[in-house]
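Shown here: protein11.txt, compact mmCIF, C-alpha atoms.
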# COMPACT_ATOMS: atom_id res chain seq x y z
CA MET Z 1 12.52 -73.63 -32.31
CA ALA Z 2 11.45 -75.37 -29.12
CA SER Z 3 11.26 -79.16 -29.25
CA GLU Z 4 7.88 -80.82 -28.79
CA ILE Z 5 6.92 -80.67 -25.13
CA PRO Z 6 4.29 -83.02 -23.70
CA PRO Z 7 1.51 -81.59 -21.51
CA THR Z 8 2.22 -84.02 -18.64
CA MET Z 9 5.19 -85.90 -17.20
CA ARG Z 10 6.19 -88.54 -14.67
CA ALA Z 11 7.29 -87.16 -11.32
CA TRP Z 12 7.79 -88.28 -7.73
CA GLN Z 13 5.68 -86.21 -5.35
CA TYR Z 14 4.89 -85.95 -1.65
CA SER Z 15 2.08 -84.18 0.20
CA GLN Z 16 3.32 -84.79 3.75
CA THR Z 17 6.50 -85.96 5.47
CA THR Z 18 5.18 -87.89 8.49
CA GLY Z 19 7.59 -90.75 9.09
CA GLY Z 20 10.14 -89.26 6.69
CA LEU Z 21 10.03 -87.85 3.16
CA GLU Z 22 10.95 -91.18 1.56
CA GLN Z 23 7.94 -92.88 3.16
CA ASN Z 24 5.57 -90.46 1.46
CA LEU Z 25 6.89 -90.33 -2.10
CA VAL Z 26 4.48 -91.43 -4.84
CA LEU Z 27 5.37 -91.80 -8.53
CA LYS Z 28 2.68 -90.06 -10.59
CA ASP Z 29 2.32 -90.40 -14.36
CA HIS Z 30 0.32 -87.32 -15.32
CA VAL Z 31 1.82 -84.33 -13.52
CA PRO Z 32 1.53 -81.11 -15.55
CA VAL Z 33 4.82 -80.03 -17.12
CA PRO Z 34 5.90 -76.71 -15.51
CA THR Z 35 5.73 -73.59 -17.64
CA LEU Z 36 8.06 -70.65 -18.06
CA SER Z 37 7.28 -67.37 -16.32
CA PRO Z 38 5.19 -64.92 -18.38
CA ARG Z 39 6.82 -61.98 -16.62
CA VAL Z 40 8.95 -59.74 -18.80
CA GLY Z 41 12.57 -59.81 -17.67
CA ASP Z 42 12.61 -63.34 -16.21
CA LYS Z 43 15.52 -65.42 -17.55
CA GLU Z 44 14.26 -68.98 -17.30
CA LEU Z 45 14.92 -72.34 -18.93
CA LEU Z 46 12.55 -75.29 -19.34
CA ILE Z 47 14.78 -78.33 -19.01
CA GLU Z 48 14.26 -82.02 -19.71
CA VAL Z 49 16.04 -83.64 -16.76
CA LEU Z 50 18.58 -86.33 -17.59
CA SER Z 51 20.08 -86.89 -14.14
CA ALA Z 52 19.28 -85.46 -10.72
CA SER Z 53 21.34 -85.43 -7.53
CA ILE Z 54 19.94 -85.40 -4.00
CA ASN Z 55 21.24 -83.64 -0.90
CA PRO Z 56 20.34 -83.78 2.82
CA SER Z 57 18.76 -80.34 2.47
CA ASP Z 58 16.13 -81.87 0.17
CA TYR Z 59 14.53 -83.78 3.03
CA LYS Z 60 15.63 -81.49 5.88
CA ILE Z 61 13.75 -78.50 4.47
CA ALA Z 62 10.69 -80.61 3.64
CA GLU Z 63 10.67 -81.99 7.20
CA LEU Z 64 11.15 -78.72 9.07
CA PRO Z 65 9.18 -78.77 12.34
CA LEU Z 66 5.98 -76.83 12.96
CA ASN Z 67 5.00 -77.26 9.27
CA LEU Z 68 7.69 -74.78 8.26
CA GLY Z 69 8.60 -77.08 5.38
CA ARG Z 70 5.23 -76.43 3.76
CA ALA Z 71 5.77 -72.71 4.18
CA VAL Z 72 8.98 -73.00 2.14
CA VAL Z 73 7.73 -75.49 -0.47
CA ARG Z 74 4.04 -75.86 -1.31
CA THR Z 75 2.72 -79.40 -1.63
CA PRO Z 76 2.24 -81.62 -3.51
CA ALA Z 77 5.90 -81.17 -4.32
CA THR Z 78 8.66 -82.95 -6.23
CA PRO Z 79 12.02 -83.20 -4.40
CA ALA Z 80 15.62 -82.60 -5.56
CA TRP Z 81 17.04 -79.33 -6.80
CA ASP Z 82 20.30 -80.39 -8.51
CA PHE Z 83 20.17 -81.55 -12.11
CA CYS Z 84 21.76 -81.96 -15.50
CA GLY Z 85 19.49 -81.83 -18.52
CA ARG Z 86 18.62 -80.60 -22.00
CA VAL Z 87 17.18 -77.14 -22.63
CA VAL Z 88 13.85 -77.48 -24.48
CA LYS Z 89 12.58 -73.90 -24.23
CA THR Z 90 13.72 -70.48 -22.94
CA THR Z 91 12.18 -67.13 -22.17
CA ASN Z 92 12.75 -64.53 -24.84
CA ILE Z 93 15.55 -62.61 -23.14
CA VAL Z 94 17.81 -65.64 -22.52
CA ASP Z 95 20.84 -65.19 -24.77
CA ASN Z 96 23.48 -67.43 -23.18
CA PHE Z 97 21.78 -70.82 -23.62
CA ARG Z 98 20.18 -72.42 -26.68
CA VAL Z 99 17.49 -75.05 -27.14
CA GLY Z 100 19.09 -78.49 -27.30
CA GLU Z 101 22.08 -77.52 -25.14
CA ILE Z 102 23.01 -79.67 -22.15
CA VAL Z 103 23.24 -77.64 -18.93
CA PHE Z 104 23.64 -78.32 -15.22
CA GLY Z 105 22.49 -76.29 -12.27
CA ARG Z 106 20.21 -76.01 -9.29
CA GLN Z 107 16.89 -74.58 -8.27
CA ALA Z 108 15.93 -72.69 -5.19
CA PRO Z 109 13.55 -74.73 -2.99
CA THR Z 110 10.47 -75.03 -5.18
CA GLN Z 111 7.39 -77.15 -5.77
CA GLN Z 112 8.75 -78.61 -9.01
CA GLY Z 113 12.00 -80.46 -8.31
CA ALA Z 114 14.40 -82.53 -10.40
CA CYS Z 115 12.77 -85.89 -9.54
CA GLY Z 116 10.39 -85.05 -12.38
CA GLN Z 117 11.03 -85.27 -16.10
CA TYR Z 118 10.91 -81.49 -16.65
CA ILE Z 119 11.84 -78.50 -14.50
CA VAL Z 120 12.03 -74.73 -14.82
CA ALA Z 121 15.28 -73.16 -13.62
CA SER Z 122 16.76 -69.69 -13.59
CA ALA Z 123 19.38 -69.15 -16.28
CA ASN Z 124 21.46 -67.45 -13.58
CA ALA Z 125 21.70 -70.77 -11.69
CA CYS Z 126 22.81 -72.89 -14.66
CA ALA Z 127 25.99 -73.43 -16.66
CA SER Z 128 26.81 -75.19 -19.91
CA LEU Z 129 28.10 -78.76 -19.67
CA PRO Z 130 31.82 -78.63 -20.56
CA SER Z 131 33.17 -81.06 -23.12
CA GLY Z 132 34.32 -84.30 -21.53
CA VAL Z 133 32.24 -83.93 -18.34
CA ASP Z 134 29.79 -86.75 -17.65
CA VAL Z 135 26.08 -85.98 -17.12
CA ASP Z 136 26.01 -87.73 -13.73
CA GLU Z 137 29.13 -85.88 -12.58
CA ALA Z 138 27.58 -82.56 -13.60
CA ALA Z 139 24.33 -83.35 -11.79
CA SER Z 140 26.32 -84.02 -8.61
CA LEU Z 141 28.06 -80.64 -8.69
CA PRO Z 142 25.61 -77.79 -7.99
CA CYS Z 143 24.62 -77.76 -4.30
CA ALA Z 144 27.57 -79.67 -2.81
CA GLY Z 145 30.12 -78.18 -5.22
CA LEU Z 146 28.88 -74.62 -4.83
CA THR Z 147 28.78 -74.99 -1.05
CA ALA Z 148 32.35 -76.27 -0.93
CA TYR Z 149 33.65 -73.65 -3.36
CA GLN Z 150 31.87 -70.68 -1.80
CA THR Z 151 32.85 -71.60 1.77
CA ILE Z 152 36.52 -72.13 0.89
CA ALA Z 153 37.64 -70.05 -2.10
CA PRO Z 154 36.81 -66.56 -0.72
CA ASN Z 155 38.47 -67.32 2.64
CA VAL Z 156 41.89 -68.79 1.86
CA LYS Z 157 45.14 -68.26 0.01
CA PRO Z 158 47.86 -70.75 -0.98
CA GLY Z 159 49.61 -72.19 2.08
CA ASP Z 160 46.69 -71.73 4.46
CA LYS Z 161 45.57 -74.60 6.69
CA VAL Z 162 41.91 -75.61 6.44
CA PHE Z 163 39.84 -77.91 8.67
CA LEU Z 164 36.78 -79.60 7.17
CA ASN Z 165 34.44 -81.20 9.69
CA GLY Z 166 32.97 -84.07 7.67
CA GLY Z 167 35.34 -84.88 4.85
CA SER Z 168 33.70 -87.93 3.30
CA GLY Z 169 30.24 -86.70 2.32
CA GLY Z 170 29.21 -84.82 -0.80
CA VAL Z 171 30.32 -81.35 0.35
CA GLY Z 172 33.41 -82.69 2.10
CA SER Z 173 34.64 -84.67 -0.90
CA PHE Z 174 34.44 -81.55 -3.07
CA GLY Z 175 35.88 -79.40 -0.28
CA ILE Z 176 39.05 -81.48 0.02
CA GLN Z 177 39.74 -81.26 -3.69
CA ILE Z 178 38.91 -77.56 -4.01
CA ALA Z 179 41.07 -76.62 -1.02
CA LYS Z 180 43.99 -78.63 -2.44
CA ALA Z 181 43.50 -77.05 -5.88
CA LEU Z 182 43.76 -73.66 -4.16
CA GLY Z 183 47.06 -74.65 -2.54
CA CYS Z 184 45.87 -75.31 1.02
CA HIS Z 185 46.87 -77.88 3.63
CA VAL Z 186 43.71 -79.86 4.49
CA THR Z 187 42.73 -81.58 7.74
CA VAL Z 188 39.41 -83.45 7.84
CA SER Z 189 37.32 -85.38 10.30
CA CYS Z 190 35.93 -88.74 9.20
CA SER Z 191 35.65 -92.32 10.41
CA ALA Z 192 38.55 -94.74 10.07
CA ALA Z 193 36.59 -96.52 7.34
CA LYS Z 194 36.57 -93.36 5.20
CA ALA Z 195 40.15 -92.25 5.93
CA GLU Z 196 41.72 -93.78 2.82
CA GLN Z 197 39.06 -92.26 0.61
CA CYS Z 198 39.73 -88.79 2.06
CA LYS Z 199 43.48 -89.24 1.65
CA ALA Z 200 42.97 -90.30 -1.96
CA LEU Z 201 41.08 -87.05 -2.57
CA GLY Z 202 44.04 -85.10 -1.15
CA ALA Z 203 43.50 -84.75 2.61
CA ASP Z 204 46.83 -84.19 4.40
CA ASP Z 205 45.67 -84.98 7.94
CA ILE Z 206 42.83 -87.13 9.31
CA ILE Z 207 41.00 -86.90 12.64
CA ASP Z 208 39.01 -90.07 13.34
CA TYR Z 209 35.94 -88.76 15.14
CA THR Z 210 35.04 -92.28 16.30
CA ALA Z 211 38.33 -92.67 18.18
CA VAL Z 212 39.22 -89.21 19.54
CA ASP Z 213 37.61 -85.99 20.71
CA VAL Z 214 37.66 -83.78 17.61
CA CYS Z 215 37.84 -80.52 19.55
CA GLN Z 216 40.72 -81.77 21.68
CA ALA Z 217 42.57 -83.09 18.64
CA LEU Z 218 42.29 -79.69 16.97
CA LYS Z 219 43.42 -77.85 20.11
CA GLU Z 220 46.53 -80.05 20.23
CA ARG Z 221 47.44 -78.84 16.74
CA GLY Z 222 47.45 -75.25 17.99
CA GLN Z 223 46.18 -71.99 16.51
CA VAL Z 224 47.19 -72.86 12.95
CA PHE Z 225 43.98 -73.00 10.91
CA LYS Z 226 42.82 -70.13 8.72
CA LEU Z 227 39.42 -71.69 8.10
CA SER Z 228 37.11 -74.23 9.73
CA VAL Z 229 34.10 -75.45 7.73
CA ASP Z 230 31.49 -77.41 9.70
CA ASN Z 231 29.57 -79.70 7.35
CA VAL Z 232 28.13 -81.77 10.22
CA GLY Z 233 26.93 -79.51 13.05
CA LEU Z 234 28.54 -81.70 15.72
CA PRO Z 235 30.25 -81.60 18.14
CA ALA Z 236 28.34 -78.61 19.48
CA GLU Z 237 31.55 -77.18 21.01
CA LEU Z 238 33.41 -77.02 17.69
CA TYR Z 239 32.98 -73.28 17.15
CA LYS Z 240 33.92 -72.30 20.73
CA ALA Z 241 36.94 -74.60 20.52
CA GLY Z 242 38.03 -72.52 17.53
CA ASP Z 243 39.52 -70.03 20.00
CA ASP Z 244 42.28 -72.61 20.45
CA TYR Z 245 42.77 -73.97 16.90
CA LEU Z 246 41.88 -71.06 14.58
CA LEU Z 247 44.30 -68.23 13.89
CA PRO Z 248 43.28 -64.89 15.45
CA ASP Z 249 42.02 -63.78 12.02
CA GLY Z 250 40.60 -67.23 11.25
CA LYS Z 251 37.00 -67.92 10.31
CA PHE Z 252 34.39 -70.56 11.16
CA VAL Z 253 31.72 -71.35 8.55
CA GLN Z 254 28.62 -73.32 9.55
CA VAL Z 255 27.13 -75.40 6.71
CA GLY Z 256 25.36 -78.51 7.97
CA GLY Z 257 23.65 -79.75 11.08
CA PRO Z 258 20.74 -81.79 12.45
CA VAL Z 259 17.20 -80.50 11.93
CA SER Z 260 15.81 -79.90 15.42
CA LEU Z 261 14.95 -77.06 17.73
CA ALA Z 262 18.04 -77.91 19.82
CA ALA Z 263 20.26 -77.69 16.74
CA LEU Z 264 18.66 -74.38 15.77
CA SER Z 265 19.29 -73.07 19.26
CA SER Z 266 22.94 -74.16 19.05
CA THR Z 267 23.40 -72.41 15.69
CA MET Z 268 21.79 -69.21 16.95
CA SER Z 269 24.04 -69.33 20.02
CA ARG Z 270 27.10 -69.62 17.80
CA LEU Z 271 25.87 -66.74 15.67
CA LEU Z 272 24.68 -64.34 18.36
CA ARG Z 273 26.37 -65.07 21.73
CA PRO Z 274 29.23 -62.62 22.35
CA SER Z 275 32.55 -63.93 23.62
CA PHE Z 276 32.19 -62.21 27.01
CA LEU Z 277 29.06 -64.32 27.59
CA GLY Z 278 30.78 -67.57 26.66
CA GLY Z 279 30.59 -67.37 22.87
CA GLY Z 280 33.46 -67.96 20.49
CA LYS Z 281 35.96 -65.23 19.63
CA ARG Z 282 36.54 -66.08 15.97
CA LYS Z 283 34.54 -64.77 13.04
CA PHE Z 284 31.40 -66.86 12.44
CA GLN Z 285 29.43 -67.22 9.20
CA LEU Z 286 26.18 -69.13 8.69
CA TYR Z 287 26.49 -70.22 5.07
CA THR Z 288 23.86 -69.59 2.40
CA LEU Z 289 24.36 -69.77 -1.37
CA MET Z 290 25.91 -66.53 -2.51
CA GLY Z 291 26.55 -64.32 -5.51
CA ASP Z 292 26.70 -65.32 -9.17
CA GLN Z 293 25.88 -69.02 -9.21
CA HIS Z 294 26.22 -69.15 -13.00
CA GLN Z 295 29.82 -67.98 -12.81
CA ASP Z 296 30.75 -70.27 -9.90
CA LEU Z 297 29.09 -73.27 -11.58
CA ALA Z 298 31.05 -72.53 -14.76
CA ILE Z 299 34.27 -72.44 -12.72
CA LEU Z 300 33.42 -75.77 -11.08
CA GLY Z 301 32.58 -77.33 -14.44
CA GLN Z 302 35.90 -76.20 -15.85
CA MET Z 303 37.75 -77.56 -12.81
CA VAL Z 304 36.17 -80.95 -13.49
CA ALA Z 305 37.00 -80.73 -17.20
CA GLU Z 306 40.64 -79.94 -16.35
CA GLY Z 307 40.87 -82.79 -13.83
CA LYS Z 308 41.40 -80.50 -10.85
CA ILE Z 309 38.40 -81.99 -9.08
CA LYS Z 310 36.65 -85.32 -9.61
CA PRO Z 311 33.02 -85.70 -8.50
CA VAL Z 312 32.61 -88.77 -6.31
CA VAL Z 313 29.39 -90.44 -7.47
CA GLU Z 314 28.81 -93.28 -5.03
CA HIS Z 315 25.70 -94.70 -6.67
CA ALA Z 316 23.33 -93.99 -9.56
CA TYR Z 317 19.70 -95.08 -9.09
CA ASP Z 318 16.96 -95.82 -11.60
CA PHE Z 319 14.08 -93.37 -11.62
CA GLU Z 320 11.81 -95.96 -10.00
CA ASP Z 321 14.18 -96.18 -7.00
CA VAL Z 322 13.98 -92.58 -5.73
CA PRO Z 323 12.63 -93.58 -2.26
CA THR Z 324 15.55 -95.99 -1.86
CA ALA Z 325 17.97 -93.21 -2.77
CA PHE Z 326 16.54 -90.97 -0.04
CA ARG Z 327 16.66 -93.81 2.50
CA ASP Z 328 20.33 -94.36 1.71
CA LEU Z 329 21.04 -90.63 1.91
CA ARG Z 330 19.41 -90.34 5.33
CA LYS Z 331 21.70 -93.02 6.77
CA GLY Z 332 24.53 -90.47 6.58
CA LYS Z 333 27.10 -93.09 5.60
CA THR Z 334 27.62 -92.14 1.97
CA HIS Z 335 31.13 -91.29 0.78
CA GLY Z 336 30.08 -89.20 -2.20
CA LYS Z 337 27.04 -88.15 -4.19
CA LEU Z 338 23.85 -90.07 -4.98
CA VAL Z 339 22.51 -89.56 -8.51
CA ILE Z 340 19.16 -90.51 -10.06
CA HIS Z 341 18.69 -91.29 -13.75
CA VAL Z 342 15.48 -89.44 -14.51
CA SER Z 343 15.66 -90.10 -18.25
CA GLU Z 344 17.16 -93.06 -20.07
CA LYS Z 345 19.31 -90.51 -21.88
CA GLY Z 346 21.07 -89.88 -18.55
CA ALA Z 347 21.97 -93.51 -18.03

Could you spell out this file's structure in structure tokens?
Amino acid sequence: MASEIPPTMRAWQYSQTTGGLEQNLVLKDHVPVPTLSPRVGDKELLIEVLSASINPSDYKIAELPLNLGRAVVRTPATPAWDFCGRVVKTTNIVDNFRVGEIVFGRQAPTQQGACGQYIVASANACASLPSGVDVDEAASLPCAGLTAYQTIAPNVKPGDKVFLNGGSGGVGSFGIQIAKALGCHVTVSCSAAKAEQCKALGADDIIDYTAVDVCQALKERGQVFKLSVDNVGLPAELYKAGDDYLLPDGKFVQVGGPVSLAALSSTMSRLLRPSFLGGGKRKFQLYTLMGDQHQDLAILGQMVAEGKIKPVVEHAYDFEDVPTAFRDLRKGKTHGKLVIHVSEKGA
């Protein structure tokens, strides 16, 4: 039996992003609760959100130039796509989750995000909360954890050397721990202020991007890295420099970067320019979420339960403080994940 579901909910929404997403968020008290798909064959869950986690992609997609953000997500929209919550209803064909169960997961970019009291999510993008794993920790896992796992796990074996550009943010903090759990030697870039944190997570080698040229520092280490994961998008020469620090069969994976036409041009150049026209010689991948997210989320949840990785939750915000959370996220100085308590049950 489904629990009693109210017709409306509280949710943060925006209709435009002029001046930044956080400047346009409004807390509304009577937003219609989303409904499950009536289509036969859709495996969906209606979830009461306990905690949500925010990522740079939440505002970067909303703020895409030339109104592209509105083409991806219709407005008015509620931000945040990572969550942990309680299942209150399912479509008929869902057989791996039950009403009342606590799950964590993520949505694709959608109008109804996790900064609202209820969301609809695909059962294929959720996993059960393992025993002993905290709700806030689980909410912090999906986007950053999946990104770190999917960019590293398929590309390495024990003993490989990995470089993570940006080791102190949400993706980087998971990436260090996942790479170490897989038996890799890990080099990261970060500021001197974040060096001890990265070492505590398991980083073997630190490059202080505020003190040295990252590309030059990598070249001085030689062609020793099996994998380079760029969570930052800068310096622009990082991929081309891979000719001198990646093994001949090494790989460069692009994850993050600034949102601008110049940044888009740089990414397309990395992806499309052949080496004989000045492009890099190593394999290049532009990362997007891949494969069975349910299975990968379950693996990540189990890794947390077993103590192999520890989510770094820098700060948990009250539901009324969502704009502050996005302002703090935009500063780019966080050393972990930012979580929002949507329900008192998540506090």

Residue nearest Val88 (chain Z) among Z:Gln117, Z:Gln254, Z:Gln150, Z:Asn231 (counting only C-alpha atoms):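 When distances to Val88 (chain Z) are compared using only C-alpha atoms, the smallest one comes from Z:Gln117.
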
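These residues, each with an atom at most 9 Å from (41.4, -67.5, 10.5) using only C-alpha atoms, are Asn155, Val156, Gln223, Val224, Phe225, Lys226, Leu227, Ser228, Leu246, Leu247, Pro248, Asp249, Gly250, Lys251, Phe252, Arg282 and Lys283 of chain Z.
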
Sel. within 7 Å of pt (11.5, -80.6, -6.5), counting only C-alpha atoms, output as a ChimeraX atom specification: /Z:77-81,110-115

Distance query region 19-35 of chain Z at most 6 Å, only C-alpha atoms, self and fewer than 2 positions along chain excluded, as a list in words: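 Counting only C-alpha atoms, the residues come to Pro7, Thr8, Met9, Arg10, Ala11, Trp12, Gln13, Tyr14, Thr17, Pro323 and Phe326 of chain Z.
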
Point-to-point distance in Å for CA of Val313 (chain Z) and CA of Phe104 (chain Z):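 Between CA of Phe104 (chain Z) and CA of Val313 (chain Z) the gap works out to 15.5 Å.
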
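Between CA of Thr90 (chain Z) and CA of Gly105 (chain Z) there is a distance of 15.0 Å.
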
CA of Gly301 (chain Z) to CA of Leu338 (chain Z), distance in Å rounded to a single decimal: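 That distance, rounded to one decimal, is 18.1 Å.
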
Contact residues around Glu220 (chain Z) with all atoms listed in the file at 10 Å, ignoring same-chain residues under 6 positions, as number ranges by chain: Z: 214, 244-245

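Contact shell of Gln216 (chain Z) at 12 Å (all atoms listed in the file; same-chain neighbours under 6 positions omitted): Ile207, Asp208, Tyr209, Gly222, Pro235, Glu237, Leu238, Lys240, Ala241, Gly242, Asp243, Asp244 and Tyr245 of chain Z.
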
Shell of 12 Å around Gly166 (chain Z), only C-alpha atoms, local chain residues under 4 positions omitted, as a ChimeraX atom specification: /Z:148,170-176,186-191,194-195,198,203,206-209,214,228-235,254-257,332-336

Residue nearest Asn92 (chain Z) - candidates Z:Ala192, Z:Leu45, Z:Leu201, Z:Leu289, atoms counted: only C-alpha atoms: Z:Leu45
